[in-house]
file model-v4.cif (mmCIF, C-alpha atoms)
data_target
#
loop_
_atom_site.label_atom_id
_atom_site.label_comp_id
_atom_site.auth_asym_id
_atom_site.auth_seq_id
_atom_site.Cartn_x
_atom_site.Cartn_y
_atom_site.Cartn_z
CA MET J 5 -75.58 -25.48 56.94
CA GLU J 6 -74.27 -26.78 53.64
CA GLY J 7 -72.41 -30.10 53.43
CA ARG J 8 -68.86 -30.46 54.75
CA ILE J 9 -65.98 -29.79 52.34
CA TYR J 10 -62.95 -31.80 53.42
CA LEU J 11 -59.25 -31.11 53.14
CA SER J 12 -58.52 -34.52 51.61
CA SER J 13 -60.70 -37.55 52.34
CA PRO J 14 -60.68 -41.13 50.97
CA THR J 15 -62.27 -41.68 47.55
CA MET J 16 -63.33 -45.24 46.76
CA HIS J 17 -64.20 -46.45 43.26
CA GLY J 18 -65.44 -50.06 43.49
CA GLU J 19 -62.49 -52.06 42.20
CA GLU J 20 -61.16 -52.17 45.76
CA GLN J 21 -64.10 -54.43 46.69
CA ARG J 22 -63.15 -56.99 44.03
CA TYR J 23 -59.74 -57.59 45.60
CA ILE J 24 -61.19 -57.60 49.10
CA GLN J 25 -63.86 -60.12 48.06
CA GLU J 26 -61.20 -62.38 46.61
CA ALA J 27 -59.43 -62.35 49.96
CA PHE J 28 -62.68 -63.23 51.73
CA ASP J 29 -63.54 -65.95 49.24
CA THR J 30 -60.18 -67.63 49.80
CA ASN J 31 -60.37 -66.96 53.57
CA TRP J 32 -57.03 -65.12 53.29
CA VAL J 33 -57.81 -62.17 55.53
CA ALA J 34 -54.83 -62.44 57.88
CA PRO J 35 -51.59 -60.51 57.36
CA LEU J 36 -49.83 -61.26 54.07
CA GLY J 37 -51.25 -63.12 51.08
CA LYS J 38 -51.70 -62.61 47.35
CA ASN J 39 -52.90 -58.99 47.59
CA VAL J 40 -49.83 -58.01 49.61
CA ASP J 41 -47.46 -59.69 47.14
CA GLU J 42 -49.19 -58.16 44.13
CA PHE J 43 -49.52 -54.69 45.69
CA GLU J 44 -45.78 -54.64 46.36
CA ARG J 45 -45.04 -55.77 42.81
CA GLU J 46 -47.51 -53.37 41.18
CA MET J 47 -46.36 -50.34 43.16
CA ALA J 48 -42.68 -51.04 42.51
CA ALA J 49 -43.44 -51.48 38.80
CA TYR J 50 -45.42 -48.22 38.68
CA LEU J 51 -42.56 -46.25 40.25
CA GLY J 52 -39.79 -48.06 38.42
CA ILE J 53 -37.96 -49.31 41.50
CA GLY J 54 -36.80 -52.82 42.32
CA HIS J 55 -38.65 -53.85 45.46
CA GLY J 56 -41.34 -52.87 47.96
CA ALA J 57 -42.38 -54.04 51.42
CA ALA J 58 -46.01 -53.28 52.29
CA LEU J 59 -46.31 -52.17 55.92
CA VAL J 60 -48.91 -50.86 58.36
CA SER J 61 -47.94 -47.19 57.86
CA GLY J 62 -45.57 -44.80 56.17
CA THR J 63 -44.04 -44.22 59.60
CA ALA J 64 -43.23 -47.94 59.88
CA ALA J 65 -41.58 -47.72 56.46
CA LEU J 66 -39.47 -44.78 57.63
CA HIS J 67 -38.54 -46.66 60.80
CA MET J 68 -37.33 -49.62 58.74
CA ALA J 69 -35.39 -47.22 56.51
CA VAL J 70 -33.68 -45.66 59.55
CA LYS J 71 -32.72 -49.12 60.87
CA LEU J 72 -31.43 -50.20 57.45
CA ALA J 73 -29.37 -47.01 57.24
CA GLY J 74 -27.62 -48.14 60.41
CA VAL J 75 -28.67 -45.34 62.77
CA ARG J 76 -27.47 -46.13 66.29
CA PRO J 77 -28.03 -44.44 69.67
CA GLY J 78 -26.32 -41.05 69.70
CA ASP J 79 -26.02 -40.79 65.89
CA ARG J 80 -27.00 -37.46 64.36
CA VAL J 81 -29.38 -37.59 61.40
CA ILE J 82 -30.00 -34.58 59.14
CA CYS J 83 -33.75 -34.09 58.59
CA SER J 84 -36.21 -31.83 56.81
CA ASP J 85 -37.50 -29.27 59.29
CA LEU J 86 -40.77 -28.24 57.65
CA THR J 87 -42.66 -31.54 57.70
CA PHE J 88 -44.96 -33.74 59.76
CA SER J 89 -43.36 -35.31 62.83
CA ALA J 90 -43.68 -38.82 61.35
CA THR J 91 -40.76 -37.94 59.04
CA VAL J 92 -38.35 -37.53 61.93
CA ASN J 93 -39.80 -39.55 64.83
CA PRO J 94 -38.17 -42.84 63.70
CA VAL J 95 -34.75 -41.29 64.37
CA SER J 96 -35.75 -41.14 68.04
CA TYR J 97 -37.05 -44.72 67.90
CA GLU J 98 -33.46 -45.81 67.22
CA GLY J 99 -31.93 -43.45 69.77
CA GLY J 100 -30.61 -40.98 67.20
CA GLU J 101 -30.64 -37.20 67.34
CA GLN J 102 -32.21 -35.01 64.69
CA VAL J 103 -30.37 -32.13 63.04
CA PHE J 104 -33.04 -29.98 61.40
CA VAL J 105 -32.42 -28.22 58.08
CA ASP J 106 -34.47 -25.23 56.92
CA SER J 107 -36.48 -24.96 53.69
CA GLU J 108 -35.87 -22.90 50.58
CA PRO J 109 -38.66 -20.72 49.11
CA GLU J 110 -38.78 -22.31 45.62
CA THR J 111 -40.31 -25.64 46.78
CA TRP J 112 -40.65 -25.23 50.57
CA ASN J 113 -38.39 -28.29 50.92
CA MET J 114 -34.89 -28.88 52.32
CA ASP J 115 -32.49 -26.12 51.30
CA PRO J 116 -29.32 -27.59 49.73
CA ARG J 117 -27.31 -24.64 51.09
CA ALA J 118 -28.51 -25.33 54.63
CA LEU J 119 -27.78 -29.04 54.09
CA GLU J 120 -24.16 -28.15 53.29
CA LEU J 121 -24.02 -26.05 56.47
CA ALA J 122 -25.28 -29.04 58.45
CA PHE J 123 -22.50 -31.25 57.06
CA GLU J 124 -19.93 -28.54 57.83
CA ARG J 125 -21.05 -28.40 61.45
CA TYR J 126 -21.64 -32.15 61.83
CA PRO J 127 -19.28 -33.91 59.40
CA ASP J 128 -19.96 -37.24 61.14
CA CYS J 129 -23.59 -37.31 59.88
CA ARG J 130 -24.14 -40.26 57.55
CA VAL J 131 -27.92 -40.24 57.05
CA VAL J 132 -30.24 -37.61 55.54
CA ILE J 133 -34.07 -37.78 55.65
CA LEU J 134 -35.72 -35.63 53.00
CA ALA J 135 -39.49 -35.00 52.80
CA HIS J 136 -41.35 -33.72 49.73
CA LEU J 137 -43.80 -31.28 51.30
CA TYR J 138 -47.44 -31.40 50.16
CA GLY J 139 -46.48 -33.46 47.12
CA THR J 140 -43.89 -31.04 45.72
CA PRO J 141 -40.50 -32.53 44.75
CA ALA J 142 -37.45 -31.04 46.43
CA LYS J 143 -34.26 -29.92 44.65
CA LEU J 144 -33.25 -33.52 44.24
CA GLU J 145 -30.27 -33.15 41.91
CA GLU J 146 -28.45 -30.89 44.38
CA ILE J 147 -29.44 -32.86 47.48
CA VAL J 148 -28.47 -36.23 45.99
CA ALA J 149 -25.10 -34.79 44.93
CA ILE J 150 -24.42 -33.37 48.40
CA CYS J 151 -25.30 -36.69 50.04
CA LYS J 152 -22.94 -38.55 47.69
CA ALA J 153 -20.15 -36.06 48.34
CA HIS J 154 -20.47 -36.68 52.09
CA ASP J 155 -20.98 -40.44 51.75
CA ALA J 156 -24.43 -40.15 53.37
CA VAL J 157 -27.41 -42.45 52.93
CA LEU J 158 -30.46 -40.61 51.58
CA ILE J 159 -33.86 -41.65 52.91
CA GLU J 160 -36.67 -40.19 50.84
CA ASP J 161 -39.96 -39.51 52.62
CA ALA J 162 -42.36 -39.51 49.68
CA ALA J 163 -45.41 -40.08 51.89
CA GLU J 164 -47.09 -36.96 50.50
CA SER J 165 -45.69 -37.08 46.95
CA LEU J 166 -46.69 -40.44 45.43
CA SER J 167 -46.92 -39.99 41.61
CA ALA J 168 -44.95 -36.71 41.64
CA THR J 169 -41.90 -36.55 39.36
CA TYR J 170 -38.62 -34.68 39.27
CA ARG J 171 -37.16 -34.40 35.76
CA GLY J 172 -39.36 -37.29 34.65
CA ARG J 173 -38.47 -39.63 37.51
CA TYR J 174 -40.83 -40.49 40.34
CA THR J 175 -40.15 -39.33 43.87
CA GLY J 176 -39.61 -42.28 46.15
CA THR J 177 -36.90 -43.68 43.87
CA PHE J 178 -34.00 -41.28 44.53
CA GLY J 179 -33.05 -42.47 47.99
CA THR J 180 -31.26 -45.63 49.03
CA TYR J 181 -34.42 -46.28 51.05
CA ASN J 182 -37.78 -44.63 50.37
CA ALA J 183 -41.15 -44.47 52.11
CA ILE J 184 -44.67 -43.82 50.83
CA SER J 185 -47.95 -43.59 52.74
CA PHE J 186 -51.51 -44.76 52.13
CA ASN J 187 -53.04 -42.95 55.09
CA GLY J 188 -56.70 -41.94 54.74
CA ASN J 189 -55.88 -38.41 53.58
CA LYS J 190 -53.25 -39.34 50.97
CA ILE J 191 -53.64 -39.30 47.18
CA ILE J 192 -54.56 -43.00 47.33
CA THR J 193 -55.39 -44.83 50.53
CA THR J 194 -55.61 -48.29 52.03
CA SER J 195 -57.32 -46.76 55.11
CA GLY J 196 -53.87 -46.91 56.69
CA GLY J 197 -50.63 -48.41 55.47
CA GLY J 198 -47.38 -47.57 53.77
CA MET J 199 -44.55 -49.10 51.80
CA LEU J 200 -40.77 -49.22 52.00
CA LEU J 201 -39.10 -49.06 48.58
CA SER J 202 -35.55 -49.77 47.45
CA ASP J 203 -33.48 -51.21 44.63
CA ASP J 204 -31.65 -53.21 47.31
CA GLY J 205 -33.50 -56.52 47.42
CA GLU J 206 -31.58 -57.82 50.44
CA ALA J 207 -32.48 -54.70 52.42
CA ILE J 208 -36.17 -55.13 51.61
CA GLN J 209 -36.00 -58.76 52.70
CA LYS J 210 -34.38 -57.67 55.98
CA ALA J 211 -37.16 -55.12 56.52
CA ARG J 212 -39.79 -57.79 55.91
CA PHE J 213 -38.01 -60.00 58.46
CA TRP J 214 -37.92 -57.26 61.11
CA SER J 215 -41.55 -56.40 60.34
CA THR J 216 -42.75 -59.95 61.06
CA GLN J 217 -41.31 -60.00 64.58
CA SER J 218 -37.86 -61.10 63.36
CA ARG J 219 -39.02 -64.69 63.43
CA GLU J 220 -36.25 -67.11 62.44
CA PRO J 221 -36.98 -69.96 59.97
CA ALA J 222 -37.50 -72.63 62.64
CA PRO J 223 -40.58 -74.78 63.41
CA TRP J 224 -40.78 -73.10 66.83
CA TYR J 225 -40.78 -69.37 67.55
CA GLU J 226 -37.12 -68.41 67.49
CA HIS J 227 -35.95 -64.78 67.75
CA LYS J 228 -32.37 -63.49 67.60
CA GLU J 229 -33.30 -59.83 66.97
CA ILE J 230 -35.99 -57.46 68.18
CA GLY J 231 -38.88 -57.44 65.72
CA TYR J 232 -42.01 -55.45 64.97
CA ASN J 233 -45.58 -56.21 63.93
CA TYR J 234 -45.46 -53.97 60.89
CA ARG J 235 -46.67 -56.03 57.90
CA MET J 236 -49.75 -54.99 55.93
CA SER J 237 -52.83 -57.22 55.95
CA ASN J 238 -54.15 -58.93 52.83
CA ILE J 239 -57.45 -57.03 53.13
CA VAL J 240 -55.77 -53.62 53.34
CA ALA J 241 -53.49 -54.47 50.39
CA GLY J 242 -56.61 -55.31 48.36
CA ILE J 243 -57.88 -51.78 48.90
CA GLY J 244 -54.51 -50.48 47.74
CA ARG J 245 -54.57 -52.52 44.53
CA GLY J 246 -57.96 -51.07 43.63
CA GLN J 247 -56.83 -47.55 44.51
CA LEU J 248 -53.65 -47.81 42.44
CA LEU J 249 -55.79 -48.15 39.32
CA HIS J 250 -57.00 -44.57 39.95
CA LEU J 251 -53.77 -42.91 41.03
CA GLU J 252 -53.22 -40.91 37.83
CA GLU J 253 -56.88 -39.88 37.82
CA HIS J 254 -56.52 -38.57 41.38
CA ARG J 255 -53.30 -36.74 40.52
CA ALA J 256 -54.96 -35.01 37.54
CA LYS J 257 -57.89 -33.92 39.69
CA LYS J 258 -55.55 -32.58 42.38
CA GLU J 259 -53.70 -30.56 39.73
CA GLU J 260 -57.00 -29.17 38.42
CA ILE J 261 -57.91 -28.06 41.96
CA TYR J 262 -54.55 -26.31 42.38
CA HIS J 263 -54.83 -24.36 39.12
CA THR J 264 -58.46 -23.44 39.85
CA TYR J 265 -57.31 -21.79 43.07
CA GLU J 266 -54.33 -20.23 41.31
CA ARG J 267 -56.54 -18.55 38.70
CA ALA J 268 -59.19 -17.51 41.22
CA PHE J 269 -56.71 -15.88 43.60
CA ALA J 270 -54.58 -14.14 40.95
CA ASP J 271 -55.69 -10.67 42.15
CA LEU J 272 -55.45 -11.43 45.88
CA PRO J 273 -52.38 -10.79 48.09
CA VAL J 274 -51.63 -14.53 48.26
CA ARG J 275 -49.30 -17.03 46.55
CA MET J 276 -49.89 -20.73 45.95
CA ASN J 277 -47.30 -23.28 47.12
CA PRO J 278 -44.50 -23.12 44.53
CA TYR J 279 -42.77 -25.84 42.53
CA LEU J 280 -39.85 -26.18 40.15
CA PRO J 281 -40.58 -25.96 36.40
CA ASP J 282 -38.79 -29.28 35.78
CA SER J 283 -40.90 -31.10 38.36
CA ARG J 284 -44.49 -32.34 38.33
CA PRO J 285 -46.02 -32.27 41.81
CA ASN J 286 -48.93 -34.51 42.68
CA PHE J 287 -50.59 -31.41 44.21
CA TRP J 288 -51.66 -33.48 47.22
CA LEU J 289 -52.60 -30.32 49.10
CA SER J 290 -53.09 -26.89 47.57
CA CYS J 291 -51.71 -24.29 49.97
CA LEU J 292 -51.37 -20.54 49.99
CA THR J 293 -49.25 -17.98 51.78
CA ILE J 294 -50.54 -14.50 52.50
CA ASP J 295 -48.26 -11.68 51.34
CA PRO J 296 -46.14 -9.98 54.03
CA GLY J 297 -47.79 -6.86 55.44
CA CYS J 298 -51.33 -7.97 54.65
CA ALA J 299 -53.77 -7.42 57.53
CA VAL J 300 -55.46 -10.81 56.98
CA THR J 301 -53.98 -13.74 58.92
CA PRO J 302 -54.11 -17.46 58.08
CA GLU J 303 -56.09 -18.07 61.29
CA GLN J 304 -58.73 -15.51 60.26
CA LEU J 305 -58.99 -17.29 56.92
CA ARG J 306 -59.20 -20.73 58.56
CA LEU J 307 -61.95 -19.61 60.93
CA ALA J 308 -63.93 -18.00 58.10
CA LEU J 309 -63.78 -21.29 56.18
CA GLN J 310 -64.67 -23.27 59.30
CA ALA J 311 -67.78 -21.09 59.75
CA GLU J 312 -68.87 -22.25 56.28
CA ASN J 313 -68.28 -25.94 57.18
CA ILE J 314 -65.08 -26.00 55.09
CA GLU J 315 -61.97 -27.74 56.41
CA ALA J 316 -58.63 -25.93 56.18
CA ARG J 317 -55.48 -26.47 58.22
CA PRO J 318 -52.32 -24.58 59.13
CA ILE J 319 -49.05 -25.41 57.43
CA TRP J 320 -46.97 -28.01 59.31
CA LYS J 321 -45.28 -26.38 62.29
CA PRO J 322 -41.48 -26.66 61.80
CA MET J 323 -39.87 -29.44 63.80
CA HIS J 324 -37.32 -27.19 65.50
CA LEU J 325 -40.23 -25.29 67.06
CA GLN J 326 -41.83 -28.45 68.47
CA PRO J 327 -41.49 -28.81 72.27
CA VAL J 328 -40.56 -32.49 71.94
CA PHE J 329 -37.45 -31.52 69.92
CA GLN J 330 -36.38 -28.56 72.04
CA GLY J 331 -32.60 -28.18 71.97
CA ARG J 332 -32.05 -29.98 68.66
CA ALA J 333 -29.74 -28.30 66.17
CA PHE J 334 -31.33 -26.18 63.42
CA LEU J 335 -29.48 -24.91 60.35
CA THR J 336 -30.68 -22.20 58.00
CA ALA J 337 -28.98 -20.43 55.10
CA ALA J 338 -31.48 -17.56 55.16
CA GLU J 339 -31.58 -14.33 57.17
CA LYS J 340 -34.96 -15.35 58.55
CA PRO J 341 -35.88 -19.06 58.75
CA VAL J 342 -37.93 -19.86 55.66
CA GLY J 343 -39.99 -22.61 57.27
CA GLU J 344 -41.03 -20.35 60.15
CA ASP J 345 -42.19 -17.72 57.66
CA ILE J 346 -44.22 -20.24 55.62
CA PHE J 347 -45.81 -21.57 58.82
CA ALA J 348 -46.69 -18.04 59.94
CA ARG J 349 -48.25 -16.98 56.61
CA GLY J 350 -49.59 -20.25 55.20
CA LEU J 351 -52.79 -22.32 55.06
CA CYS J 352 -53.75 -25.65 53.45
CA LEU J 353 -56.95 -25.49 51.39
CA PRO J 354 -59.52 -28.21 50.59
CA SER J 355 -57.93 -30.48 47.97
CA ASP J 356 -60.34 -33.42 47.95
CA VAL J 357 -60.65 -35.18 44.58
CA LYS J 358 -64.44 -35.28 45.14
CA ASN J 359 -64.65 -31.47 45.17
CA THR J 360 -67.32 -30.35 42.73
CA PRO J 361 -67.29 -27.01 40.87
CA ALA J 362 -69.85 -25.81 43.42
CA ASP J 363 -67.55 -26.88 46.27
CA MET J 364 -64.65 -25.00 44.74
CA GLU J 365 -66.81 -21.91 44.30
CA ARG J 366 -67.82 -22.03 47.99
CA VAL J 367 -64.19 -22.14 49.07
CA ILE J 368 -63.07 -19.45 46.65
CA GLU J 369 -65.89 -17.04 47.49
CA THR J 370 -65.26 -17.47 51.21
CA VAL J 371 -61.56 -16.68 50.76
CA LYS J 372 -62.31 -13.66 48.58
CA ARG J 373 -64.82 -12.36 51.11
CA VAL J 374 -62.16 -12.32 53.84
CA PHE J 375 -59.86 -10.22 51.68
CA ALA J 376 -62.64 -7.87 50.44
#
call {"tool": "encode", "arguments": {"input": "model-v4.cif", "output": "structure tokens"}}
result
Amino acid sequence: MEGRIYLSSPTMHGEEQRYIQEAFDTNWVAPLGKNVDEFEREMAAYLGIGHGAALVSGTAALHMAVKLAGVRPGDRVICSDLTFSATVNPVSYEGGEQVFVDSEPETWNMDPRALELAFERYPDCRVVILAHLYGTPAKLEEIVAICKAHDAVLIEDAAESLSATYRGRYTGTFGTYNAISFNGNKIITTSGGGMLLSDDGEAIQKARFWSTQSREPAPWYEHKEIGYNYRMSNIVAGIGRGQLLHLEEHRAKKEEIYHTYERAFADLPVRMNPYLPDSRPNFWLSCLTIDPGCAVTPEQLRLALQAENIEARPIWKPMHLQPVFQGRAFLTAAEKPVGEDIFARGLCLPSDVKNTPADMERVIETVKRVFA
């Protein structure tokens, strides 16, 4: 069997080792250190936002954002429905209750119309968590305006969309608090890790405090608040600094992969994941939906690719369909829930920056064969 083609795997370049070696040479391998400080500064500078706190995961960053937003037990929080569970789990960590909002078909992200319906039904909601699915920016102008009109804090989950822009501005800078991820499958990786971002310097300092076990500035171990062991290590941050040098290169390769699929599948009954003309996705994952009425199913396609040692995965299953969130409110502005339809007809295709032309041809020919 031919070699494995992955959905999205880590791609190392060599510069990462230089920063790691520096940490070893100075014996600064424990949490925090120069690489952490510099990674926070460099990432904030790249995005054009004031401050960053490097943490062990994007989920930890979202948890800190939820705490900073003041979510308390029993509070309702409006959340993207079509996303990975990490987007919404931190609401439960703080005892809150998710209100799920359906997608719109133009970006697959939170529908502003459904967001308005959520505020009509739950006018006491004061926090919104928005995810940019598969690296595609949501309708940010409308969503930001709605949040302002309802005096709600916007938390932006840009875990999948690092380097994507909406009207020339990077995702991960529109919210009061924002989270990005460096998980192994993301556009750049630190093996694990994430970062909380904000223009509010005091909030970032508070998150750093909570993330280092809420240790008070005393010579002994003094704690007045519950804390967490969430800070990124100096070694991991070194990987991130080396990866950041190649972020634009990775984004360009991801875009090339997307358009290669788009051209190759032009005559098939499929559509690639859409985006707004005034946005620039990072094309983290190239996805397709099969046209309604077509006899081919996403699972047939996935199994055909699997038989050729090619990794493909279903679209995220909407949160309101997850057993763990049974009974949570779900708002849609469509006749048929958009997210459910995308999940039923969609598939994520290999989008690894190491994909060669031969790899792409293997994937494309396998897909075409299923539809032949």
call {"tool": "residues_around", "arguments": {"input": "model-v4.cif", "residues": "Phe334 of chain J", "least_positions_apart": "2", "cutoff": "7 Å", "atoms": "all atoms listed in the file", "output": "number ranges by chain"}}
result
J: 103-105, 324, 332, 336
call {"tool": "residues_around", "arguments": {"input": "model-v4.cif", "residues": "segment 197-209 of chain J", "least_positions_apart": "6", "cutoff": "8 Å", "atoms": "all atoms listed in the file", "output": "short mmCIF file (atom, residue, chain, number, x, y, z; two decimals) with C-alpha atoms, keeping the file's coordinate frame"}}
result
data_model
loop_
_atom_site.label_atom_id
_atom_site.label_comp_id
_atom_site.auth_asym_id
_atom_site.auth_seq_id
_atom_site.Cartn_x
_atom_site.Cartn_y
_atom_site.Cartn_z
CA GLU J 44 -45.78 -54.64 46.36
CA ALA J 48 -42.68 -51.04 42.51
CA ILE J 53 -37.96 -49.31 41.50
CA GLY J 54 -36.80 -52.82 42.32
CA HIS J 55 -38.65 -53.85 45.46
CA GLY J 56 -41.34 -52.87 47.96
CA ALA J 57 -42.38 -54.04 51.42
CA ALA J 58 -46.01 -53.28 52.29
CA LEU J 59 -46.31 -52.17 55.92
CA VAL J 60 -48.91 -50.86 58.36
CA SER J 61 -47.94 -47.19 57.86
CA GLY J 62 -45.57 -44.80 56.17
CA THR J 63 -44.04 -44.22 59.60
CA ALA J 64 -43.23 -47.94 59.88
CA ALA J 65 -41.58 -47.72 56.46
CA LEU J 66 -39.47 -44.78 57.63
CA MET J 68 -37.33 -49.62 58.74
CA ALA J 69 -35.39 -47.22 56.51
CA LEU J 72 -31.43 -50.20 57.45
CA ALA J 163 -45.41 -40.08 51.89
CA GLY J 176 -39.61 -42.28 46.15
CA THR J 177 -36.90 -43.68 43.87
CA GLY J 179 -33.05 -42.47 47.99
CA THR J 180 -31.26 -45.63 49.03
CA TYR J 181 -34.42 -46.28 51.05
CA ASN J 182 -37.78 -44.63 50.37
CA ALA J 183 -41.15 -44.47 52.11
CA ILE J 184 -44.67 -43.82 50.83
CA SER J 185 -47.95 -43.59 52.74
CA PHE J 186 -51.51 -44.76 52.13
CA ASN J 187 -53.04 -42.95 55.09
CA MET J 236 -49.75 -54.99 55.93
CA VAL J 240 -55.77 -53.62 53.34
#
call {"tool": "resolve_selection", "arguments": {"input": "model-v4.cif", "expression": "the PyMOL selection byres ((chain J and resi 293) around 8)", "output": "list in words"}}
result
Val274, Arg275, Met276, Asn277, Cys291, Leu292, Ile294, Asp295, Pro302, Ile346, Arg349, Gly350 and Leu351 of chain J
call {"tool": "axis_aligned_box", "arguments": {"input": "model-v4.cif", "around": "segment 249-255 of chain J", "padding_each_side": "3 Å", "output": "AutoDock Vina command-line options"}}
result
--center_x -55.1 --center_y -42.4 --center_z 39.6 --size_x 9.8 --size_y 17.4 --size_z 9.6
call {"tool": "closest_residue", "arguments": {"input": "model-v4.cif", "among": "J:Trp112, J:Tyr234, J:Phe287, J:Trp214", "to": "Lys71 of chain J", "atoms": "all atoms listed in the file"}}
result
J:Trp214
call {"tool": "residues_around", "arguments": {"input": "model-v4.cif", "residues": "Leu36 of chain J", "least_positions_apart": "2", "cutoff": "7 Å", "atoms": "all atoms listed in the file", "output": "ChimeraX atom specification"}}
result
/J:34,40,236-238
call {"tool": "atom_distance", "arguments": {"input": "model-v4.cif", "atom1": "atom CA of Pro354 of chain J", "atom2": "atom CA of Tyr10 of chain J"}}
result
5.7 Å
call {"tool": "closest_residue", "arguments": {"input": "model-v4.cif", "among": "J:Pro361, J:Gly139, J:Pro296, J:Gly99", "to": "Glu260 of chain J", "atoms": "all atoms listed in the file"}}
result
J:Pro361
call {"tool": "closest_residue", "arguments": {"input": "model-v4.cif", "among": "J:Gly242, J:Glu124, J:Thr370, J:Ala362", "to": "Lys38 of chain J", "atoms": "all atoms listed in the file"}}
result
J:Gly242
call {"tool": "resolve_selection", "arguments": {"input": "model-v4.cif", "expression": "the PyMOL selection byres ((chain J and resi 218) around 12)", "output": "PyMOL selection string"}}
result
chain J and resi 209-217+219-222+225-235
call {"tool": "closest_residue", "arguments": {"input": "model-v4.cif", "among": "J:Gly331, J:Gly172, J:Pro14, J:Gly297", "to": "Arg284 of chain J", "atoms": "only C-alpha atoms"}}
result
J:Gly172
call {"tool": "closest_atom_pairs", "arguments": {"input": "model-v4.cif", "of": "segment 19-80 of chain J", "to": "segment 143-156 of chain J", "cutoff": "12 Å", "atoms": "only C-alpha atoms", "output": "JSON lines"}}
result
{"residue": "J:Ala73", "atom": "CA", "partner": "J:Ala156", "partner_atom": "CA", "distance": 9.3}
{"residue": "J:Gly74", "atom": "CA", "partner": "J:Ala156", "partner_atom": "CA", "distance": 11.1}
{"residue": "J:Val75", "atom": "CA", "partner": "J:Ala156", "partner_atom": "CA", "distance": 11.5}
{"residue": "J:Arg80", "atom": "CA", "partner": "J:Ala156", "partner_atom": "CA", "distance": 11.6}
call {"tool": "write_last_selection", "arguments": {"input": "model-v4.cif", "atoms": "C-alpha atoms", "output": "mmCIF file, in the frame of the given file"}}
result
data_model
loop_
_atom_site.group_PDB
_atom_site.id
_atom_site.type_symbol
_atom_site.label_atom_id
_atom_site.label_comp_id
_atom_site.auth_asym_id
_atom_site.auth_seq_id
_atom_site.Cartn_x
_atom_site.Cartn_y
_atom_site.Cartn_z
ATOM 1 C CA ALA J 73 -29.370 -47.010 57.240
ATOM 2 C CA GLY J 74 -27.620 -48.140 60.410
ATOM 3 C CA VAL J 75 -28.670 -45.340 62.770
ATOM 4 C CA ARG J 80 -27.000 -37.460 64.360
#
call {"tool": "resolve_selection", "arguments": {"input": "model-v4.cif", "expression": "the PyMOL selection byres ((chain J and resi 249-257) around 7)", "output": "list in words"}}
result
Ile191, Ile192, Arg245, Gly246, Gln247, Leu248, Lys258, Glu259, Glu260, Ile261, Asn286 and Val357 of chain J
call {"tool": "closest_residue", "arguments": {"input": "model-v4.cif", "among": "J:Lys340, J:Lys358, J:Arg173, J:Lys321", "to": "Pro285 of chain J", "atoms": "all atoms listed in the file"}}
result
J:Arg173
call {"tool": "residues_around", "arguments": {"input": "model-v4.cif", "residues": "Arg8 of chain J", "least_positions_apart": "2", "cutoff": "9 Å", "atoms": "only C-alpha atoms", "output": "JSON list (two decimals) with C-alpha atoms, keeping the file's coordinate frame"}}
result
[["chain", "number", "residue", "atom", "x", "y", "z"],
["J", 5, "MET", "CA", -75.58, -25.48, 56.94],
["J", 6, "GLU", "CA", -74.27, -26.78, 53.64],
["J", 10, "TYR", "CA", -62.95, -31.80, 53.42],
["J", 312, "GLU", "CA", -68.87, -22.25, 56.28],
["J", 313, "ASN", "CA", -68.28, -25.94, 57.18],
["J", 314, "ILE", "CA", -65.08, -26.00, 55.09],
["J", 315, "GLU", "CA", -61.97, -27.74, 56.41]]
call {"tool": "atom_distance", "arguments": {"input": "model-v4.cif", "atom1": "atom CA of Arg76 of chain J", "atom2": "atom CA of Phe123 of chain J"}}
result
18.2 Å
